[in-house]
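Source file run27.txt; content: compact mmCIF, C-alpha atoms.
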```
# COMPACT_ATOMS: atom_id res chain seq x y z
CA MET A 22 0.00 0.00 0.00
CA GLY A 23 3.04 2.33 0.32
CA CYS A 24 3.24 3.28 -3.36
CA TYR A 25 -0.54 3.60 -3.60
CA THR A 26 -0.82 5.76 -0.47
CA ASP A 27 2.24 7.90 -1.13
CA HIS A 28 2.00 8.46 -4.87
CA LEU A 29 -1.35 7.46 -6.41
CA LEU A 30 -3.78 8.47 -3.66
CA PRO A 31 -2.76 12.18 -3.57
CA ARG A 32 -3.34 12.36 -7.33
CA LEU A 33 -6.74 10.67 -7.02
CA MET A 34 -7.73 13.09 -4.26
CA ASN A 35 -6.55 16.02 -6.35
CA THR A 36 -8.93 14.99 -9.13
CA ALA A 37 -11.88 13.92 -6.99
CA GLY A 38 -11.67 17.04 -4.85
CA ASP A 39 -11.86 19.44 -7.77
CA ARG A 40 -15.34 18.63 -9.09
CA GLN A 41 -17.71 21.54 -9.72
CA GLY A 42 -20.01 20.78 -6.78
CA VAL A 43 -17.05 20.44 -4.44
CA ARG A 44 -15.65 23.77 -5.62
CA LEU A 45 -18.85 25.48 -4.50
CA LEU A 46 -18.50 23.91 -1.05
CA ARG A 47 -14.87 25.01 -0.82
CA ARG A 48 -15.90 28.56 -1.60
CA ARG A 49 -18.52 28.41 1.16
CA VAL A 50 -16.19 27.09 3.84
CA CYS A 51 -13.47 29.63 3.03
CA ASP A 52 -15.89 32.55 3.16
CA GLY A 53 -15.12 34.81 6.11
CA LEU A 54 -11.53 33.68 6.66
CA SER A 55 -9.22 36.55 7.57
CA GLY A 56 -5.81 37.30 9.01
CA THR A 57 -3.33 34.51 9.62
CA VAL A 58 -4.69 31.03 8.84
CA VAL A 59 -3.41 27.53 9.54
CA GLU A 60 -4.81 24.89 7.22
CA ILE A 61 -4.53 21.30 8.39
CA GLY A 62 -4.64 18.67 5.67
CA PHE A 63 -3.70 21.23 3.03
CA GLY A 64 -3.46 18.49 0.39
CA SER A 65 -2.87 19.74 -3.15
CA GLY A 66 -4.05 23.27 -2.38
CA LEU A 67 -7.59 22.86 -3.66
CA ASN A 68 -8.82 25.56 -1.26
CA VAL A 69 -6.23 28.13 -2.36
CA PRO A 70 -8.34 29.71 -5.15
CA TYR A 71 -11.09 30.42 -2.62
CA TYR A 72 -9.09 32.19 0.09
CA PRO A 73 -10.61 35.66 0.55
CA GLN A 74 -8.33 38.65 0.12
CA THR A 75 -8.79 39.31 3.85
CA VAL A 76 -6.40 36.39 4.47
CA THR A 77 -2.87 37.71 5.02
CA SER A 78 -0.98 34.40 5.12
CA VAL A 79 -1.57 30.65 5.27
CA THR A 80 0.47 28.03 7.05
CA ALA A 81 -0.02 24.65 5.37
CA VAL A 82 0.16 21.45 7.41
CA GLU A 83 0.54 18.61 4.92
CA PRO A 84 2.50 15.33 5.19
CA SER A 85 2.46 14.38 1.48
CA ASP A 86 5.30 15.62 -0.70
CA VAL A 87 3.35 14.62 -3.81
CA ALA A 88 0.32 16.66 -2.76
CA TRP A 89 2.54 19.65 -2.03
CA LYS A 90 4.05 19.44 -5.52
CA LEU A 91 0.57 19.28 -7.04
CA ALA A 92 -0.30 22.45 -5.11
CA ARG A 93 2.55 24.48 -6.61
CA GLU A 94 0.65 26.07 -9.50
CA ARG A 95 -2.32 27.01 -7.32
CA ILE A 96 -0.02 28.64 -4.79
CA GLN A 97 1.90 30.54 -7.46
CA ALA A 98 -1.36 31.84 -8.93
CA SER A 99 -2.49 33.17 -5.56
CA GLY A 100 -1.43 36.51 -4.16
CA ILE A 101 -1.61 35.12 -0.62
CA PRO A 102 1.63 33.75 0.90
CA VAL A 103 1.44 30.03 1.66
CA LEU A 104 4.18 28.34 3.67
CA ARG A 105 4.38 24.61 4.35
CA THR A 106 5.30 24.17 8.00
CA GLY A 107 4.37 21.03 9.87
CA LEU A 108 3.51 17.54 8.73
CA ASP A 109 1.30 16.23 11.50
CA GLY A 110 -2.02 17.67 12.67
CA GLU A 111 -1.57 15.95 16.02
CA SER A 112 1.60 17.93 16.79
CA LEU A 113 1.54 21.47 15.44
CA PRO A 114 4.96 23.17 15.75
CA PHE A 115 3.54 26.60 16.57
CA PRO A 116 3.25 28.67 19.76
CA ASP A 117 -0.03 29.07 21.59
CA ASP A 118 -2.41 31.75 20.28
CA SER A 119 -0.61 32.04 16.92
CA TYR A 120 -3.43 32.19 14.38
CA ASP A 121 -6.58 34.14 13.71
CA ALA A 122 -8.31 31.22 12.01
CA ALA A 123 -7.94 27.59 10.99
CA LEU A 124 -9.27 25.64 8.01
CA SER A 125 -9.97 21.93 7.66
CA THR A 126 -11.67 20.27 4.68
CA TRP A 127 -12.14 16.50 4.54
CA THR A 128 -9.23 16.06 6.95
CA LEU A 129 -10.62 15.13 10.38
CA CYS A 130 -11.73 11.78 8.96
CA THR A 131 -8.15 10.61 8.39
CA ILE A 132 -6.17 11.90 11.39
CA PRO A 133 -5.52 8.90 13.69
CA ASP A 134 -6.16 10.75 16.97
CA VAL A 135 -8.61 13.44 15.98
CA ALA A 136 -9.19 14.57 19.57
CA VAL A 137 -5.49 15.40 19.96
CA ALA A 138 -5.48 17.21 16.63
CA LEU A 139 -8.48 19.36 17.56
CA GLY A 140 -6.81 20.16 20.87
CA GLU A 141 -3.76 21.33 18.94
CA VAL A 142 -5.87 23.49 16.63
CA ARG A 143 -7.57 25.10 19.58
CA ARG A 144 -4.20 25.68 21.28
CA VAL A 145 -2.72 27.57 18.32
CA LEU A 146 -5.85 29.66 17.70
CA LYS A 147 -6.10 33.04 19.34
CA PRO A 148 -8.99 33.45 21.81
CA GLY A 149 -12.11 33.95 19.73
CA GLY A 150 -10.44 32.44 16.66
CA SER A 151 -12.48 30.24 14.37
CA LEU A 152 -12.02 26.85 12.76
CA HIS A 153 -13.77 26.75 9.38
CA PHE A 154 -14.61 23.12 8.68
CA LEU A 155 -16.07 21.01 5.89
CA GLU A 156 -15.98 17.35 6.84
CA HIS A 157 -17.77 14.14 6.10
CA GLY A 158 -18.68 11.79 8.91
CA LEU A 159 -21.48 10.02 10.71
CA ALA A 160 -24.72 10.40 8.76
CA PRO A 161 -27.87 11.81 10.38
CA ASP A 162 -29.93 8.79 9.24
CA GLU A 163 -29.60 5.37 10.88
CA LYS A 164 -30.06 3.48 7.61
CA VAL A 165 -27.07 5.30 6.14
CA ARG A 166 -25.09 4.80 9.35
CA ARG A 167 -25.50 1.03 9.04
CA TRP A 168 -23.95 1.17 5.59
CA GLN A 169 -21.17 3.42 6.87
CA ARG A 170 -20.25 0.89 9.55
CA ARG A 171 -20.16 -1.89 6.96
CA LEU A 172 -18.06 0.07 4.48
CA GLU A 173 -15.65 1.80 6.87
CA PRO A 174 -12.97 -0.96 6.93
CA ILE A 175 -12.77 -0.85 3.13
CA GLN A 176 -12.82 2.95 3.07
CA LYS A 177 -9.93 3.12 5.53
CA ARG A 178 -7.81 0.92 3.30
CA LEU A 179 -8.65 2.66 0.04
CA ALA A 180 -8.66 6.28 1.23
CA GLY A 181 -5.63 6.64 3.47
CA GLY A 182 -7.27 5.81 6.80
CA CYS A 183 -10.49 7.73 6.14
CA HIS A 184 -13.24 7.01 8.69
CA LEU A 185 -16.90 7.26 7.73
CA THR A 186 -18.43 7.25 11.20
CA ARG A 187 -16.76 10.08 13.08
CA PRO A 188 -19.33 12.40 14.72
CA ILE A 189 -17.73 15.66 13.65
CA VAL A 190 -19.80 18.14 15.68
CA ASP A 191 -19.57 16.00 18.83
CA LEU A 192 -15.79 15.89 18.43
CA LEU A 193 -15.65 19.67 18.10
CA ASP A 194 -17.81 20.09 21.19
CA ALA A 195 -15.61 17.70 23.17
CA ALA A 196 -12.54 19.73 22.19
CA GLY A 197 -14.10 22.85 23.70
CA PHE A 198 -15.18 24.59 20.50
CA VAL A 199 -18.48 26.41 20.13
CA THR A 200 -20.03 25.53 16.77
CA LYS A 201 -22.00 28.11 14.77
CA ASP A 202 -23.44 28.44 11.27
CA LEU A 203 -23.71 24.65 11.02
CA ASP A 204 -25.07 23.03 7.88
CA VAL A 205 -25.51 19.23 7.81
CA PHE A 206 -26.31 17.77 4.39
CA TYR A 207 -25.61 15.06 1.85
CA GLU A 208 -23.21 16.11 -0.88
CA ASP A 209 -24.82 16.17 -4.32
CA GLY A 210 -23.54 13.44 -6.60
CA ALA A 211 -21.87 11.40 -3.85
CA PRO A 212 -23.10 8.19 -2.20
CA LYS A 213 -24.73 9.04 1.11
CA SER A 214 -22.29 6.81 2.98
CA VAL A 215 -19.37 9.07 2.01
CA GLY A 216 -21.32 12.27 1.36
CA ALA A 217 -22.76 13.04 4.79
CA CYS A 218 -21.19 16.46 5.37
CA SER A 219 -20.96 19.06 8.10
CA LEU A 220 -19.97 22.61 7.17
CA GLY A 221 -19.61 25.46 9.61
CA ARG A 222 -17.42 27.44 11.97
CA ALA A 223 -16.24 26.41 15.40
CA PHE A 224 -14.99 29.13 17.72
CA SER A 225 -12.37 28.86 20.44
CA PRO A 226 -13.74 30.72 23.49
```
Could you rewrite the structure in this file as structure tokens?
Amino acid sequence: MGCYTDHLLPRLMNTAGDRQGVRLLRRRVCDGLSGTVVEIGFGSGLNVPYYPQTVTSVTAVEPSDVAWKLARERIQASGIPVLRTGLDGESLPFPDDSYDAALSTWTLCTIPDVAVALGEVRRVLKPGGSLHFLEHGLAPDEKVRRWQRRLEPIQKRLAGGCHLTRPIVDLLDAAGFVTKDLDVFYEDGAPKSVGACSLGRAFSP
């Protein structure tokens, strides 16, 4: 799985994550970002075209060298400075209260210890800072949840450790965030088992 995970999967995610419907969601989740931003799970920079001009700089946390190379053209086309610093969302190499905002899109599903990662995000956010999130996870309907539980072992193998059954809002609440502007929906054009999404902002008190 090493070659698949390290080389092929980032390219597949780069293609799958750039569909028209997904672009609209990326624009929504980036709306309102401002100041200094840390983006965990930066990937191939698919959010870069949607950063508002109110963003002054972005720190990218991304473990994949292939994904970072795929992001190069998007970064160069943006007028916003993007610096790759940090490889692991569970251990952010930044001081406390460093950032005005954070961004996470389809990332919390793959981090092994998501509670630790959310604690790290909250630590590096300034008081009152916001985490803009767009994540898939546990569906609101029990019938879909049953399918998610059946499919999750396969999904984890094929999609780099991606979990289908993580309760995103509950995890944010447990980390001490206050969630606002929450939208829970099924992504158009995606199977419900992988398309149960939560989009919103979570504030660090």
*Counting all atoms listed in the file, the option among A:Gly62, A:Gly100, A:Glu94, A:Thr106 closest to Thr80 (chain A)*: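 Closest candidate: A:Thr106.
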_Can you measure CA of Leu45 (chain A) to CA of Leu203 (chain A) for me? One decimal in Å is fine._
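Separation of CA of Leu45 (chain A) and CA of Leu203 (chain A): 16.3 Å.
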*Contacts of Val215 (chain A) at 12 Å or less, counting only C-alpha atoms, minus same-chain residues fewer than 2 places along, as a VMD selection string?*
chain A and resid 127 130 156 to 160 165 to 166 168 to 170 172 to 173 175 to 177 180 183 to 187 206 to 213 217 to 219
Let me see the file: selected residues, C-alpha atoms, as a short mmCIF file (atom, residue, chain, number, x, y, z; two decimals), in the coordinates of the input.
```cif
data_model
loop_
_atom_site.label_atom_id
_atom_site.label_comp_id
_atom_site.auth_asym_id
_atom_site.auth_seq_id
_atom_site.Cartn_x
_atom_site.Cartn_y
_atom_site.Cartn_z
CA TRP A 127 -12.14 16.50 4.54
CA CYS A 130 -11.73 11.78 8.96
CA GLU A 156 -15.98 17.35 6.84
CA HIS A 157 -17.77 14.14 6.10
CA GLY A 158 -18.68 11.79 8.91
CA LEU A 159 -21.48 10.02 10.71
CA ALA A 160 -24.72 10.40 8.76
CA VAL A 165 -27.07 5.30 6.14
CA ARG A 166 -25.09 4.80 9.35
CA TRP A 168 -23.95 1.17 5.59
CA GLN A 169 -21.17 3.42 6.87
CA ARG A 170 -20.25 0.89 9.55
CA LEU A 172 -18.06 0.07 4.48
CA GLU A 173 -15.65 1.80 6.87
CA ILE A 175 -12.77 -0.85 3.13
CA GLN A 176 -12.82 2.95 3.07
CA LYS A 177 -9.93 3.12 5.53
CA ALA A 180 -8.66 6.28 1.23
CA CYS A 183 -10.49 7.73 6.14
CA HIS A 184 -13.24 7.01 8.69
CA LEU A 185 -16.90 7.26 7.73
CA THR A 186 -18.43 7.25 11.20
CA ARG A 187 -16.76 10.08 13.08
CA PHE A 206 -26.31 17.77 4.39
CA TYR A 207 -25.61 15.06 1.85
CA GLU A 208 -23.21 16.11 -0.88
CA ASP A 209 -24.82 16.17 -4.32
CA GLY A 210 -23.54 13.44 -6.60
CA ALA A 211 -21.87 11.40 -3.85
CA PRO A 212 -23.10 8.19 -2.20
CA LYS A 213 -24.73 9.04 1.11
CA ALA A 217 -22.76 13.04 4.79
CA CYS A 218 -21.19 16.46 5.37
CA SER A 219 -20.96 19.06 8.10
#
```
*Computed interatomic separation between CA of Thr75 (chain A) and CA of Arg105 (chain A) (Å)*: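 So the two atoms, CA of Thr75 (chain A) and CA of Arg105 (chain A), lie 19.7 Å apart.
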*One decimal, Å: what's the distance from CA of Asp204 (chain A) over to CA of Cys51 (chain A), could you say?*
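Interatomic distance, CA of Asp204 (chain A) to CA of Cys51 (chain A): 14.2 Å.
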*Top pick for closest residue to Ile101 (chain A), considering A:Gln74, A:Ser151, A:Ser125, A:Ser119 and counting all atoms listed in the file*: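 Among A:Gln74, A:Ser151, A:Ser125, A:Ser119, it is A:Gln74 that comes nearest to Ile101 (chain A).
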Could region 185-212 of chain A be written out with N, CA and C atoms, as a PDB file, in the first residue's frame, please?
```pdb
ATOM      1  N   LEU A 185     -15.588   6.791   8.158  1.00  0.00           N
ATOM      2  CA  LEU A 185     -16.902   7.261   7.727  1.00  0.00           C
ATOM      3  C   LEU A 185     -17.819   7.610   8.893  1.00  0.00           C
ATOM      4  N   THR A 186     -17.474   7.181  10.102  1.00  0.00           N
ATOM      5  CA  THR A 186     -18.434   7.246  11.204  1.00  0.00           C
ATOM      6  C   THR A 186     -18.024   8.214  12.319  1.00  0.00           C
ATOM      7  N   ARG A 187     -17.151   9.131  12.030  1.00  0.00           N
ATOM      8  CA  ARG A 187     -16.763  10.078  13.084  1.00  0.00           C
ATOM      9  C   ARG A 187     -17.847  11.155  13.244  1.00  0.00           C
ATOM     10  N   PRO A 188     -18.310  11.379  14.466  1.00  0.00           N
ATOM     11  CA  PRO A 188     -19.334  12.405  14.720  1.00  0.00           C
ATOM     12  C   PRO A 188     -18.683  13.778  14.837  1.00  0.00           C
ATOM     13  N   ILE A 189     -18.560  14.469  13.744  1.00  0.00           N
ATOM     14  CA  ILE A 189     -17.729  15.664  13.648  1.00  0.00           C
ATOM     15  C   ILE A 189     -18.116  16.729  14.678  1.00  0.00           C
ATOM     16  N   VAL A 190     -19.389  17.062  14.765  1.00  0.00           N
ATOM     17  CA  VAL A 190     -19.799  18.136  15.681  1.00  0.00           C
ATOM     18  C   VAL A 190     -19.567  17.722  17.128  1.00  0.00           C
ATOM     19  N   ASP A 191     -19.829  16.472  17.467  1.00  0.00           N
ATOM     20  CA  ASP A 191     -19.573  15.999  18.827  1.00  0.00           C
ATOM     21  C   ASP A 191     -18.093  16.101  19.169  1.00  0.00           C
ATOM     22  N   LEU A 192     -17.243  15.795  18.201  1.00  0.00           N
ATOM     23  CA  LEU A 192     -15.793  15.892  18.433  1.00  0.00           C
ATOM     24  C   LEU A 192     -15.374  17.341  18.660  1.00  0.00           C
ATOM     25  N   LEU A 193     -15.957  18.251  17.908  1.00  0.00           N
ATOM     26  CA  LEU A 193     -15.651  19.670  18.101  1.00  0.00           C
ATOM     27  C   LEU A 193     -16.113  20.140  19.474  1.00  0.00           C
ATOM     28  N   ASP A 194     -17.300  19.719  19.871  1.00  0.00           N
ATOM     29  CA  ASP A 194     -17.813  20.093  21.191  1.00  0.00           C
ATOM     30  C   ASP A 194     -16.904  19.563  22.290  1.00  0.00           C
ATOM     31  N   ALA A 195     -16.460  18.312  22.150  1.00  0.00           N
ATOM     32  CA  ALA A 195     -15.607  17.699  23.166  1.00  0.00           C
ATOM     33  C   ALA A 195     -14.266  18.404  23.280  1.00  0.00           C
ATOM     34  N   ALA A 196     -13.815  19.008  22.181  1.00  0.00           N
ATOM     35  CA  ALA A 196     -12.539  19.733  22.188  1.00  0.00           C
ATOM     36  C   ALA A 196     -12.679  21.144  22.744  1.00  0.00           C
ATOM     37  N   GLY A 197     -13.894  21.544  23.090  1.00  0.00           N
ATOM     38  CA  GLY A 197     -14.103  22.854  23.697  1.00  0.00           C
ATOM     39  C   GLY A 197     -14.489  23.948  22.729  1.00  0.00           C
ATOM     40  N   PHE A 198     -14.744  23.591  21.481  1.00  0.00           N
ATOM     41  CA  PHE A 198     -15.180  24.588  20.499  1.00  0.00           C
ATOM     42  C   PHE A 198     -16.675  24.864  20.654  1.00  0.00           C
ATOM     43  N   VAL A 199     -17.067  26.042  20.204  1.00  0.00           N
ATOM     44  CA  VAL A 199     -18.478  26.415  20.126  1.00  0.00           C
ATOM     45  C   VAL A 199     -18.835  26.509  18.651  1.00  0.00           C
ATOM     46  N   THR A 200     -19.714  25.632  18.191  1.00  0.00           N
ATOM     47  CA  THR A 200     -20.028  25.528  16.773  1.00  0.00           C
ATOM     48  C   THR A 200     -21.171  26.467  16.402  1.00  0.00           C
ATOM     49  N   LYS A 201     -20.979  27.191  15.288  1.00  0.00           N
ATOM     50  CA  LYS A 201     -21.999  28.106  14.770  1.00  0.00           C
ATOM     51  C   LYS A 201     -22.129  27.925  13.258  1.00  0.00           C
ATOM     52  N   ASP A 202     -23.214  28.448  12.721  1.00  0.00           N
ATOM     53  CA  ASP A 202     -23.442  28.443  11.270  1.00  0.00           C
ATOM     54  C   ASP A 202     -23.319  27.034  10.695  1.00  0.00           C
ATOM     55  N   LEU A 203     -23.868  26.048  11.407  1.00  0.00           N
ATOM     56  CA  LEU A 203     -23.712  24.652  11.018  1.00  0.00           C
ATOM     57  C   LEU A 203     -24.728  24.260   9.944  1.00  0.00           C
ATOM     58  N   ASP A 204     -24.228  23.580   8.920  1.00  0.00           N
ATOM     59  CA  ASP A 204     -25.074  23.025   7.878  1.00  0.00           C
ATOM     60  C   ASP A 204     -24.721  21.543   7.738  1.00  0.00           C
ATOM     61  N   VAL A 205     -25.699  20.673   7.951  1.00  0.00           N
ATOM     62  CA  VAL A 205     -25.512  19.231   7.814  1.00  0.00           C
ATOM     63  C   VAL A 205     -26.307  18.776   6.598  1.00  0.00           C
ATOM     64  N   PHE A 206     -25.658  18.085   5.655  1.00  0.00           N
ATOM     65  CA  PHE A 206     -26.311  17.772   4.392  1.00  0.00           C
ATOM     66  C   PHE A 206     -25.593  16.601   3.727  1.00  0.00           C
ATOM     67  N   TYR A 207     -26.235  16.069   2.706  1.00  0.00           N
ATOM     68  CA  TYR A 207     -25.610  15.063   1.854  1.00  0.00           C
ATOM     69  C   TYR A 207     -25.092  15.751   0.590  1.00  0.00           C
ATOM     70  N   GLU A 208     -23.838  15.492   0.286  1.00  0.00           N
ATOM     71  CA  GLU A 208     -23.213  16.112  -0.881  1.00  0.00           C
ATOM     72  C   GLU A 208     -23.861  15.613  -2.164  1.00  0.00           C
ATOM     73  N   ASP A 209     -24.233  16.529  -3.034  1.00  0.00           N
ATOM     74  CA  ASP A 209     -24.816  16.165  -4.319  1.00  0.00           C
ATOM     75  C   ASP A 209     -23.842  15.328  -5.139  1.00  0.00           C
ATOM     76  N   GLY A 210     -24.354  14.252  -5.710  1.00  0.00           N
ATOM     77  CA  GLY A 210     -23.539  13.444  -6.599  1.00  0.00           C
ATOM     78  C   GLY A 210     -22.654  12.432  -5.919  1.00  0.00           C
ATOM     79  N   ALA A 211     -22.701  12.352  -4.592  1.00  0.00           N
ATOM     80  CA  ALA A 211     -21.874  11.402  -3.855  1.00  0.00           C
ATOM     81  C   ALA A 211     -22.778  10.386  -3.146  1.00  0.00           C
ATOM     82  N   PRO A 212     -22.333   9.142  -3.004  1.00  0.00           N
ATOM     83  CA  PRO A 212     -23.104   8.190  -2.205  1.00  0.00           C
ATOM     84  C   PRO A 212     -23.292   8.726  -0.789  1.00  0.00           C
TER      85      PRO A 212
END
```
